[in-house]
Every structure is written in C-alpha cells, then in structure tokens.
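Participant: Mind having a look at this structure? Questions to follow.
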Amino acid sequence: MTPVVVDDAALERAKTMVIGVRFTKVGKLYHFEFSQYPQVAAGDYVIVETQRGRQMGQVMGFAPRDDKQEYRAILRPANPRDMALRQEWEAKQPEALSICQERADALGRYHDVKFVAAQYNYDGTALTFLYTCEDRVDMSRLQRELTRLFPSSRVELRQIGPRDVAKLMGGYGACGIERCCSSFLTDFSPVSIKMAKAQGISLNPIEITGMCGRLRCCLVYEYDQYVEARKHLPRKNKQVGTPFGEGKVVDVFPLRDAVAVMIDEVGYKVVQREDLVPLEELRALAAKAKAPCDKHGDEPCDCGKPKGQRRADQ
C-alpha cells in the first residue's frame, strides 16, 4: 500500500480543529477528532462509531476544537468497498420498508402507524424503521417479527414527528419552491403563533400551516427583525404628529420603518419614523413640568439640582 503523504499544514490543522460530519443529505453536523487521519478533507467519507452503531458520514468542513469537550475519533476514511456496500444496502431499503408494512398489516395492531422509511447503515449491520403516529404504540411484537425476518441486521423502530416526516418526504412548499426542511434546515426551531402576529400575517390556518400540519418554519426567519423594528415605532391608535398634521396610527410597517396615520381632512398617509412627533409623550412631559413637586408641594424645590449644589444652597 502506498503511504499517505501529509503536509505540515494538515498536521497542524488536526491538532487545533475537528471535522463536522453529516450522515444524511440535510442532517445535523456531528464533530469528531481526526488526528490519526490528518489527510481527511472536506467532501471525504469516513467511518465513525455512534450511539446507533457504526455509520458512514461525509465530512462537511472543519471547526475549532473546544478543549473542554471530548470528541470521538473517526475510525478510518471510507474505502471503495465501503462505498459499494453502502450503495448495495441502500438499494434494499424499499424492499425492507415493504416487508415491514406487510408484517404490521398482518399483525393487525398498527392501523394508526405510518411507516415512512427504512434505513440501513453502510454495511447492513443495522436497520432502522422510521414511523409516525399520534399516540405511543407498543411496537415490541412487530420488532420481534422484524428481527426474525432480518437476522443479519440489528433492527430498531424509531418514532419521528411530523416535521421529520416532511423532511424525509421532500416536495414543494406553498411558496412554490422546495421545502426548507428538505433543502437546507438542519435543525427545527420552536415556532409559535405570536411570531405570525408580530409580522402581521393572517392567522388563517391555511396561511401559516406547512405541509407537515405544523406552523411553518419560515415564520422564524424575520421574526427578530420585526420585533426589533417595532421597538422604535409607535403602536396602533397612538396620536402622533406628522408633516401633514396630527393623526392616529392605524397600521405599522416595521420593515419599512414607517406607520400609516389617519389625519382629519387629509386622510390616510404613510409616514417614516424620522418624520413622526411623539405627541403623547411630549404632552405628558409638559404636564409634569407644570405640576407642583410631588415631594415639596408648592414650596421651593431643588429636586432637579445636582446633589453638590443642594448642599451648597443649604
């Protein structure tokens, strides 16, 4: 075997960096130590040991090593035989899924369970069936049946949520392009109805629900920008001054940094934030300035003076 030549830069990188490995097309990155194989580069495939057994993943890039964290080391770079094995076992996945569905139907206890995918690891020693259902179901009997039917593989049945199902199935979203979860989202962020409210989106379920039946992931994308922009704009129904006269705010456009104001005898006007006058705040300050001191009443008051000047006056 021809020895692998490794340059000094690769050796130094292996001391200070770890590799990010992905096991599915749009999956989460897991980091591993690679000092024993410093020649590994982005795009290469490696064999690693995970909680679900031995797996093959692709190196997506490098990240700084955190000395406080422990990393598993990669077992070795994948070789041509490993790649051929992976292709062979991936071709058997549809058949395995069909067998699983047939056995579940025959047992007659899994009518509410939808089997989504069968996934072999690269060498066929592990087989995972992914399924979804609304409630928890005892899958032990089916697992025993599948273990008997697939004796050369360690069989696992794993329940996944609606978002994961949509990610696996792929397809197009309501926007007309490929679903975010299938194209680039590696993690699902929490999504709440208040995100739609903050962005002024209709709360009609058809408008805010994704193909998975849950709130659309894209509601998260601009939420922080809307929240930050709203901090500097007046709320609806506030009285404000504008170049066109005094009026009431009837709508807010956070990303335009503007509001819509209804002005008597002028009508509806869109006004930028820098042209607004906060009348309510100014009137409140003016009223407070005219009012007697709440500590001294009508007596002479030195509350607004610096502390040093108060002592000097005394």
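Identifiers in this document derive from the order of the structure tokens: chains are assigned A, B, ..., residues are numbered from 1 separately in each chain, and ligands are numbered from 1 in order of occurrence.
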Residues at most 8 Å from region 137-150 of chain A, counting only C-alpha atoms, excluding those fewer than 6 positions away in the same chain, as a ChimeraX atom specification?

Facilitator: /A:100,103-104,107,110,156-157

Participant: Report as a ChimeraX atom specification all protein, DNA and RNA residues lying within 10 Å of region 237-253 of chain A, evaluated on only C-alpha atoms, omitting residues in the same chain fewer than 5 positions from it.

Facilitator: /A:199-200,226,229-230,258-281

Participant: Which residues, written as an MDAnalysis selection string, have at least one atom at most 9 Å from Glu88 (chain A), with only C-alpha atoms counted and residues fewer than 5 positions away on the same chain left out?

Facilitator: chainID A and resid 83 122:124

Participant: I need the residues in region 48-289 of chain A that are helix (DSSP H, G or I) according to DSSP; give them as an NGL selection string.

Facilitator: :A and (80-91 or 93-107 or 140-149 or 162-169 or 180-183 or 193-198 or 205-208 or 217-220 or 223-230 or 254-256 or 273-275 or 279-289)

Participant: Using only C-alpha atoms, determine which residues lie at most 8 Å from Phe129 (chain A), disregarding the query and same-chain residues fewer than 3 positions distant; provide the list as number ranges by chain.

Facilitator: A: 97, 115-119, 155-158

Participant: Write down as a list of chain:residue names the residues of region 146-216 of chain A whose backbone DSSP state falls under strand (DSSP E).

Facilitator: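 Here are the strand (DSSP E) residues of region 146-216 of chain A: A:Arg154, A:Val155, A:Glu156, A:Leu157, A:Arg158, A:Gln159.
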
Participant: With N, CA and C atoms kept, could you save the residues just selected as an mmCIF file, in the first residue's frame?

Facilitator:
```cif
data_model
loop_
_atom_site.group_PDB
_atom_site.id
_atom_site.type_symbol
_atom_site.label_atom_id
_atom_site.label_comp_id
_atom_site.auth_asym_id
_atom_site.auth_seq_id
_atom_site.Cartn_x
_atom_site.Cartn_y
_atom_site.Cartn_z
ATOM 1 N N ARG A 154 -29.207 -5.487 13.081
ATOM 2 C CA ARG A 154 -29.793 -5.076 14.347
ATOM 3 C C ARG A 154 -30.964 -4.141 14.034
ATOM 4 N N VAL A 155 -32.173 -4.557 14.367
ATOM 5 C CA VAL A 155 -33.378 -3.831 13.969
ATOM 6 C C VAL A 155 -33.788 -2.843 15.058
ATOM 7 N N GLU A 156 -34.110 -1.626 14.633
ATOM 8 C CA GLU A 156 -34.604 -0.596 15.543
ATOM 9 C C GLU A 156 -35.829 0.055 14.922
ATOM 10 N N LEU A 157 -36.846 0.307 15.735
ATOM 11 C CA LEU A 157 -38.031 1.053 15.313
ATOM 12 C C LEU A 157 -38.013 2.399 16.022
ATOM 13 N N ARG A 158 -38.019 3.482 15.230
ATOM 14 C CA ARG A 158 -37.871 4.811 15.824
ATOM 15 C C ARG A 158 -39.017 5.716 15.385
ATOM 16 N N GLN A 159 -39.697 6.308 16.375
ATOM 17 C CA GLN A 159 -40.806 7.216 16.091
ATOM 18 C C GLN A 159 -40.271 8.614 15.814
#
```

Participant: Could you check the closest approach to Ala166 (chain A) for each of A:Ala284, A:Phe184, A:Ala198, A:Gly210 and tell me which residue wins, using only C-alpha atoms?

Facilitator: A:Gly210

Participant: So that I can check the surroundings of Gly61 (chain A), please list as a CSV table (one decimal) with C-alpha atoms, in the first residue's frame every protein, DNA and RNA residue that reaches within 10 Å of it, counting only C-alpha atoms and ignoring chain neighbours fewer than 6 positions away.

Facilitator:
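Once written, out_1.csv looks like this:
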```
chain,number,residue,atom,x,y,z
A,17,MET,CA,-9.6,21.5,14.6
A,18,VAL,CA,-12.3,18.9,14.5
A,19,ILE,CA,-14.3,17.7,11.5
A,20,GLY,CA,-18.0,18.2,11.0
A,21,VAL,CA,-19.7,15.0,9.7
A,22,ARG,CA,-23.2,14.7,8.3
A,29,LEU,CA,-23.5,18.1,12.0
A,31,HIS,CA,-18.0,16.7,15.3
A,41,ALA,CA,-10.5,16.7,3.6
A,42,ALA,CA,-14.0,18.2,3.1
A,43,GLY,CA,-16.1,16.0,0.9
A,44,ASP,CA,-14.5,12.8,2.0
```

Participant: Could you give me, as a list of chain:residue names, the residues within 8 Å of region 65-79 of chain A, counting only C-alpha atoms and dropping anything in the same chain fewer than 4 positions from it?

Facilitator: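 Listing them by chain and then by number gives A:Thr16, A:Met17, A:Val18, A:His31, A:Phe32, A:Glu33, A:Phe34, A:Ser35, A:Tyr37, A:Val40, A:Asp44, A:Tyr45, A:Val46, A:Ile47, A:Val48, A:Glu49, A:Met56, A:Met83.
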
Participant: For the residues selected in the previous step, produce a file with N, CA and C atoms as a compact mmCIF listing (two decimals), in the first residue's frame.

Facilitator:
```txt
# COMPACT_ATOMS: atom_id res chain seq x y z
N THR A 16 -5.64 21.39 16.08
CA THR A 16 -6.46 22.52 16.56
C THR A 16 -7.91 22.48 16.08
N MET A 17 -8.24 21.57 15.17
CA MET A 17 -9.56 21.54 14.58
C MET A 17 -10.21 20.17 14.75
N VAL A 18 -11.53 20.13 14.57
CA VAL A 18 -12.27 18.88 14.47
C VAL A 18 -13.08 18.92 13.17
N HIS A 31 -19.40 16.44 15.41
CA HIS A 31 -17.97 16.72 15.32
C HIS A 31 -17.13 15.56 15.87
N PHE A 32 -16.04 15.29 15.17
CA PHE A 32 -15.17 14.17 15.52
C PHE A 32 -13.71 14.61 15.43
N GLU A 33 -12.90 13.90 16.20
CA GLU A 33 -11.46 14.12 16.21
C GLU A 33 -10.83 13.28 15.08
N PHE A 34 -9.84 13.84 14.39
CA PHE A 34 -9.29 13.14 13.22
C PHE A 34 -7.76 13.16 13.17
N SER A 35 -7.14 13.31 14.33
CA SER A 35 -5.68 13.45 14.36
C SER A 35 -4.96 12.22 13.81
N TYR A 37 -5.88 10.61 11.24
CA TYR A 37 -6.00 10.66 9.77
C TYR A 37 -6.03 12.12 9.32
N VAL A 40 -7.58 13.77 5.95
CA VAL A 40 -9.01 13.86 5.63
C VAL A 40 -9.36 15.29 5.20
N ASP A 44 -14.80 14.19 1.83
CA ASP A 44 -14.46 12.77 2.02
C ASP A 44 -15.53 12.08 2.86
N TYR A 45 -15.58 10.75 2.74
CA TYR A 45 -16.46 9.94 3.58
C TYR A 45 -15.61 9.22 4.61
N VAL A 46 -16.15 9.14 5.84
CA VAL A 46 -15.41 8.50 6.93
C VAL A 46 -16.33 7.53 7.66
N ILE A 47 -15.72 6.56 8.34
CA ILE A 47 -16.45 5.59 9.16
C ILE A 47 -16.27 6.01 10.61
N VAL A 48 -17.38 6.13 11.34
CA VAL A 48 -17.34 6.56 12.73
C VAL A 48 -18.25 5.66 13.57
N GLU A 49 -17.99 5.65 14.87
CA GLU A 49 -18.83 4.91 15.81
C GLU A 49 -19.77 5.89 16.48
N MET A 56 -21.45 5.56 8.27
CA MET A 56 -20.63 6.30 7.31
C MET A 56 -21.21 7.70 7.16
N MET A 83 -18.00 2.19 0.05
CA MET A 83 -18.92 2.94 -0.80
C MET A 83 -19.82 1.99 -1.60
```

Participant: Which residues are close to Thr125 (chain A), i.e. within 9 Å by only C-alpha atoms, leaving aside same-chain residues fewer than 5 positions away? Reply as a PyMOL selection string.

Facilitator: chain A and resi 53-54+120+152-155
